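Peer 1: Please see the structure below; I have some questions.
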Amino acid sequence: MITTNILTSDWPDIEIPTVPLPPFLLAGAADHPDAPALVDGPSGRVTTYGELAAGVRRVAVGLAARGLRKGDVFAILAPNSPDWLLAAYGAMTAGGIVTGINPLYTPDEVAGQLADAGARFLLTVAPFLPTAVAAVERHSAEIVLIGPPTEGTTAFADLLTHGDDPPAVAIDPAVDLALLPYSSGTSGLPKGVMLTHRACVANVLQQRAAMNLGPADRSLAVAPFFHATGFGVVANGALHAGAAVVTMPRFDVEGFLGLIEDHRITGMVVVPPLVLALAKHPAVDRYDLSSLRWVGCGAAPLGAELQEACARRLGRPILQGYGMTEVTATAAVWELDTPVTPGAAGRLLPGVRARIVDVASGADLGPGEAGELWLQTPSMMAGYLHNPEATAATIDGEGWLHTGDIARIDADGALFVVDRVKELIKVKGFQVAPAELEALLRAHPAVADAAVVPVPDERAGEVPKAYVVRAGGDHAVTSEEVLAYVAERVAPHKRLHAVEFIDAIPTSPAGKTLRRVLRAR
């Protein structure tokens, strides 16, 4: 309903228990100890709820023995696996704060996140060990290795050998942090998003109101756990429901479809490029996907036509949702087994309040009118780590989080995200900050100035394109050299896909880059 231009959820209010995240999620483990909780997709190895609960306690004991104390940051640089979740919940149980790192990051990018977070531990796997070692040379952290240990590392398996009676840690769910994911927010470079245990618990309960999962469900974790969707929606939501989480460490179409068939997946949350694959890839017809009840799509807007095409091919609903790291994961979603409006990102979840605000005047807008989406929700972040200025720019004095997204909410309460105020580029659901790439480009001796803008891409949604002003000198840099220069220094999803040379970057009288002018070229 709409009251004085503040939109509220039609769901009944939820009661948020005062409990840390791990015991909240595993409260029912004793009632179904032999039920599968985690399944390693490629190998089929099963971790039951009883084993998960005991393993979480053992990891907490082992980390405490290694010196982890309340408030210490535990970083994870690894693909999706049962051990990722076992380590994360174990670290939280010991009072630690978990920060997931994109496995595609370069050593410099990993070191930057470790340093900003003040991480004391870094969990990784053998394929990423060279990156981890190079990163901890820049920021000291103890490397914990999944698999056989090597010199200078601690074996993750060794953490499980100290018993299962963790030391008591006084955790205040409303104050103490559980997660520290990194997000570029509404603008600028990546920042640590401070999420309390209470915020994480609240978001699980908000989602459960719409996503009616149960012990018979099997969720495919193709979205990475370092991302809000993979951890906050897939893992937390399924475990609280007593469902099984089937992990997928690395995406490929045939492997993805095979896991759905082999493990009888009932639901999953994916990003728009995977919806495109499900709608158009010829391999889909070779697999039995009949176990699917629904497919959710998040992390980036999904066009109505593609949504409908995928739903027709699968014979299953494709449900969009809306969220951001700054609200833990989700703020709006479609309820299962209800009619879906194509192109809409669902309805506000319990406890979520929203305003649609005119960007120019700051006035509240009514149903069907497009403006910036502002949110209030119990799952909202406590702020950005070490960055009160960015926090104040995102959350105003009345507690409204300014999302930077242009949206409208129709008379039926359906949310449509139509554009972005913020300049972020979304590549396969991952955020790319133009400012980061521009700073890198401007460091090149043959580049005088640069600006980066998004261009549409059918598979990735958007990709970065650079407009470059050459510096004077004997060597005129080529587009190939610029592409290679950036590719060597950033993760694959941040790489430039095109370079265009121009005489000058358009700017406002105040000196701000006019990216909208470049986008219109």
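Following the order of the structure tokens, first chain is A, next is B, and so on, with residues numbered from 1 inside each chain and ligands from 1 in the order they appear.
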Applying 6 Å and only C-alpha atoms, which residues near segment 247-256 of chain A remain after dropping the ones on its own chain fewer than 2 positions away? List them as a ChimeraX atom specification.
Peer 2: /A:40-41,79-81,221-222,258-259
Peer 1: Okay, now the selection with N, CA and C atoms, as a CSV table (one decimal), in the first residue's frame?
Peer 2:
```csv
chain,number,residue,atom,x,y,z
A,40,ASP,N,28.9,-31.5,-2.8
A,40,ASP,CA,29.9,-31.1,-3.8
A,40,ASP,C,29.5,-31.6,-5.1
A,41,GLY,N,29.1,-30.6,-6.0
A,41,GLY,CA,28.5,-31.0,-7.3
A,41,GLY,C,29.3,-32.0,-8.1
A,79,PRO,N,36.8,-21.0,-5.0
A,79,PRO,CA,35.6,-21.3,-5.7
A,79,PRO,C,34.5,-21.9,-4.8
A,80,ASN,N,33.3,-22.0,-5.2
A,80,ASN,CA,32.3,-22.6,-4.4
A,80,ASN,C,32.6,-24.0,-4.1
A,81,SER,N,32.4,-24.4,-2.8
A,81,SER,CA,32.6,-25.7,-2.3
A,81,SER,C,31.9,-25.8,-1.0
A,221,ALA,N,24.1,-24.0,-6.3
A,221,ALA,CA,24.9,-22.8,-6.0
A,221,ALA,C,25.9,-22.5,-7.1
A,222,VAL,N,25.4,-21.9,-8.2
A,222,VAL,CA,26.2,-21.5,-9.3
A,222,VAL,C,26.7,-20.1,-9.1
A,258,GLY,N,24.3,-30.6,-16.5
A,258,GLY,CA,24.5,-31.9,-15.9
A,258,GLY,C,24.2,-32.0,-14.4
A,259,LEU,N,24.6,-30.9,-13.7
A,259,LEU,CA,24.3,-30.9,-12.3
A,259,LEU,C,22.9,-30.8,-12.0
```
Peer 1: Among segment 309-387 of chain A, which residues does DSSP mark as strand (DSSP E) when it is run on the backbone? Keep the chain and numbering as in the structure and answer as a list in words.
Peer 2: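 Everything in segment 309-387 of chain A that counts as strand (DSSP E) is Ile318, Leu319, Gln320, Gly321, Tyr322, Ala332, Val333, Arg347, Leu348, Arg353, Ala354, Arg355, Ile356, Val357, Gly371, Glu372, Leu373, Trp374, Leu375, Gln376, Gly383 and Tyr384 of chain A.
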Peer 1: With the cut-off set at 12 Å and counting only C-alpha atoms, tabulate each residue of segment 226-262 of chain A with an atom at most that distance from an atom of segment 156-179 of chain A, showing the nearest atom pair and its distance in Å to one decimal, ordered by chain and increasing number, as CSV.
Peer 2:
```
residue,atom,partner,partner_atom,distance
A:Phe226,CA,A:Leu179,CA,10.0
A:His227,CA,A:Leu179,CA,11.1
A:Ala228,CA,A:Leu179,CA,10.1
A:Phe231,CA,A:Leu179,CA,10.1
A:Gly232,CA,A:Leu179,CA,9.9
```
Peer 1: Any chance you can output those residues with all heavy atoms as a short mmCIF file (atom, residue, chain, number, x, y, z; two decimals), in the first residue's frame?
Peer 2:
```
data_model
loop_
_atom_site.label_atom_id
_atom_site.label_comp_id
_atom_site.auth_asym_id
_atom_site.auth_seq_id
_atom_site.Cartn_x
_atom_site.Cartn_y
_atom_site.Cartn_z
N PHE A 226 31.19 -15.50 -2.68
CA PHE A 226 31.68 -14.17 -2.28
C PHE A 226 30.70 -13.08 -2.67
O PHE A 226 30.82 -11.94 -2.22
CB PHE A 226 33.06 -13.89 -2.90
CG PHE A 226 33.04 -13.61 -4.39
CD1 PHE A 226 32.75 -12.35 -4.87
CD2 PHE A 226 33.33 -14.61 -5.29
CE1 PHE A 226 32.73 -12.09 -6.24
CE2 PHE A 226 33.32 -14.37 -6.65
CZ PHE A 226 33.02 -13.10 -7.12
N HIS A 227 29.71 -13.42 -3.48
CA HIS A 227 28.71 -12.47 -3.97
C HIS A 227 27.46 -12.57 -3.09
O HIS A 227 27.14 -13.62 -2.55
CB HIS A 227 28.36 -12.82 -5.42
CG HIS A 227 27.57 -11.77 -6.15
ND1 HIS A 227 26.22 -11.65 -6.01
CD2 HIS A 227 27.96 -10.82 -7.02
CE1 HIS A 227 25.79 -10.66 -6.78
NE2 HIS A 227 26.83 -10.14 -7.41
N ALA A 228 26.75 -11.45 -2.94
CA ALA A 228 25.56 -11.41 -2.08
C ALA A 228 24.54 -12.47 -2.48
O ALA A 228 23.91 -13.09 -1.62
CB ALA A 228 24.92 -10.02 -2.14
N PHE A 231 25.86 -16.24 -1.38
CA PHE A 231 25.88 -16.51 0.05
C PHE A 231 24.56 -16.12 0.72
O PHE A 231 23.94 -16.91 1.42
CB PHE A 231 27.04 -15.76 0.72
CG PHE A 231 27.27 -16.17 2.15
CD1 PHE A 231 27.98 -17.32 2.46
CD2 PHE A 231 26.79 -15.40 3.20
CE1 PHE A 231 28.19 -17.71 3.77
CE2 PHE A 231 26.99 -15.77 4.52
CZ PHE A 231 27.70 -16.93 4.81
N GLY A 232 24.13 -14.88 0.49
CA GLY A 232 22.97 -14.36 1.21
C GLY A 232 21.64 -14.96 0.79
O GLY A 232 20.72 -15.06 1.61
#
```
Peer 1: Please identify which residues in segment 101-326 of chain A DSSP calls alpha helix (DSSP H) from the backbone, and express them as an MDAnalysis selection string.
Peer 2: chainID A and resid 107:117 129:138 197:210 228 236:240 253:262 272:280 304:314
Peer 1: Determine, counting only C-alpha atoms, which protein, DNA and RNA residues have an atom within 12 Å of an atom of Asp72 of chain A; residues of the same chain fewer than 3 positions away are not included. Present the result as a list in words.
Peer 2: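 My list of contacting residues is Leu63, Ala64, Arg66, Gly67, Leu68, Arg69, Ala75, Ala91, Met92, Thr93, Ala94, Gly95, Gly96, Ile97, Val98, Thr99, Leu114, Ala117, Gly118, Ala119, Arg120, Phe121, Leu122, Ala141, Asp176, Leu177, Ala178, Leu179 and Leu180 of chain A.
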Peer 1: Can you list, as JSON, numbers by chain, every protein, DNA or RNA residue that comes within 7 Å of Leu220 of chain A when you count only C-alpha atoms, leaving out same-chain residues fewer than 5 positions away?
Peer 2: {"A": [245, 246, 247, 265, 267, 268]}
Peer 1: Write out as a ChimeraX atom specification which residues come within 8 Å of segment 419-432 of chain A when counting only C-alpha atoms, dropping same-chain ones fewer than 6 positions away.
Peer 2: /A:183-184,186-187,271-273,298-300,372,404-407,453-454,459-464,493-494
Peer 1: Go through A:Val333, A:Cys297, A:Val144, A:Leu496 and flag the residue nearest Glu480 of chain A, using only C-alpha atoms for the distances.
Peer 2: A:Leu496
